[in-house]
Amino acid sequence: MANFAQAYSWLNIRFLLEGLWVTVEISVVAIILSFIIGGLLGLLRYIKIKYLSAIVGFVIDIIRNLPLLLILFFTFFGLPNIGIRPDVILAAILAMTVFESAMVAEIIRSGIQAVDPGQMEAARSNGMTYWQAMQHVVLPQAIKKMIPPLVSQFVSLIKDTSLATIIMLPELMYHAQIIYGQNTNYVLPMFLALAVLYFIVCYTLSWLSRLLDRRLGA
């Protein structure tokens with residue numbers, strides 16, 4: 001118990017919270033960017049613009065089948081070889097945005113396809129243009145179907161920030177490693193603290209998604 005008390009000193013807790021803030025900060029930026037970019041890519045795949053949709057689909061399939069760790073290596077170690085030198089935080093955001101955008105694009109495309117085609121036909125027969133029907137009829141229904149898989153993907157993103165320890169991103173996992181690297185008796189207390197902090201962040205996101213789902217379903 002003495003090891004736990006020492007491991008959870010205010011100095012160590014504050015150091016962990018500083019890492020948690022970096023984790024949350026990077027996750028929020030990557031979630032926002034990937035939702036915007038993934039939304040546009042998903043729409044491009046759905047509306048099937050000649051050649052362009054096929055190219056976008058090909059690129060998305062390539063990214064979805066690459067490990068995130070490889071993309072992290074590329075952004076941090078590979079880009080400097082072509083004259084682009086992002087710092088560790090920008091490299092992590094870039095890698096996660098690229099990876100998550102591909103995942104989000106497929107979720108959005110699938111969500112739109114899950115809406116009964118008759119909804120679009122009915123809207124068009126009532127005088128709406130294609131984009132009016134998409135905006136006012138199809139997308140509102142599709143968004144309800146997208147919320148669970150999107151939230152699941154974003155929760156995975158938060159947990160995947162721990163992979164960025166490999167490029168020395170000063171996030172939660174990296175800070176925990178520094179603490180127990182100074183005293184191996186702190187390994188178990190740090191792992192327990194990591195579990196609690198990741199759970200709080202991920203559960204909060206899941207709870208907000210359920211709240212949003214109920215509001216949209218009302």
# chains A, B, ... in the order shown; residues from 1 in each chain; ligands from 1
>>> closest_atom_pairs(of="range 86-171 of chain A", to="range 193-217 of chain A", cutoff="10 Å", atoms="only C-alpha atoms", output="Markdown table")
| residue | atom | partner | partner_atom | distance |
| --- | --- | --- | --- | --- |
| A:Pro140 | CA | A:Leu216 | CA | 8.8 |
| A:Gln141 | CA | A:Leu216 | CA | 9.4 |
| A:Ile143 | CA | A:Leu216 | CA | 9.0 |
| A:Lys144 | CA | A:Asp213 | CA | 6.7 |
| A:Lys145 | CA | A:Asp213 | CA | 9.3 |
| A:Met146 | CA | A:Asp213 | CA | 10.0 |
| A:Ile147 | CA | A:Ser209 | CA | 6.9 |
| A:Pro148 | CA | A:Ser209 | CA | 7.5 |
| A:Leu150 | CA | A:Ser209 | CA | 9.3 |
| A:Val151 | CA | A:Ser206 | CA | 6.6 |
| A:Ser152 | CA | A:Ser206 | CA | 7.9 |
| A:Phe154 | CA | A:Leu205 | CA | 8.5 |
| A:Val155 | CA | A:Cys202 | CA | 5.7 |
| A:Ser156 | CA | A:Cys202 | CA | 8.7 |
| A:Leu157 | CA | A:Cys202 | CA | 9.8 |
| A:Ile158 | CA | A:Cys202 | CA | 7.3 |
| A:Lys159 | CA | A:Tyr198 | CA | 7.2 |
>>> residues_around(residues="Gly38 in chain A", least_positions_apart="3", cutoff="8 Å", atoms="only C-alpha atoms", output="NGL selection string")
:A and (34-35 or 41-42 or 100-106 or 108)
>>> closest_residue(among="A:Met168, A:Ile178, A:Ile37, A:Met190", to="Phe77 in chain A", atoms="only C-alpha atoms")
A:Met168
>>> closest_atom_pairs(of="range 51-141 of chain A", to="range 17-33 of chain A", cutoff="10 Å", atoms="only C-alpha atoms", output="CSV")
residue,atom,partner,partner_atom,distance
A:Ile89,CA,A:Ile26,CA,7.5
A:Leu90,CA,A:Ile26,CA,8.8
A:Ala92,CA,A:Ile26,CA,7.6
A:Ile93,CA,A:Ala30,CA,5.7
A:Leu94,CA,A:Ala30,CA,7.7
A:Ala95,CA,A:Ala30,CA,8.9
A:Met96,CA,A:Ala30,CA,6.2
A:Thr97,CA,A:Ala30,CA,5.0
A:Val98,CA,A:Ala30,CA,8.8
A:Phe99,CA,A:Ala30,CA,9.7
A:Glu100,CA,A:Ile31,CA,7.8
A:Ser101,CA,A:Leu33,CA,7.8
A:Val104,CA,A:Ile31,CA,9.6
>>> select_by_dssp(residues="range 2-130 of chain A", states="alpha helix (DSSP H)", output="MDAnalysis selection string")
chainID A and resid 2:7 10:47 52:64 68:73 88:113 117:125 130
>>> residues_around(residues="Thr129 in chain A", least_positions_apart="6", cutoff="10 Å", atoms="only C-alpha atoms", output="JSON, numbers by chain")
{"A": [120, 123, 135]}
>>> atom_distance(atom1="CA of Asn185 in chain A", atom2="CA of Pro170 in chain A")
21.8 Å
>>> atom_distance(atom1="CA of Val138 in chain A", atom2="CA of Ile55 in chain A")
24.5 Å
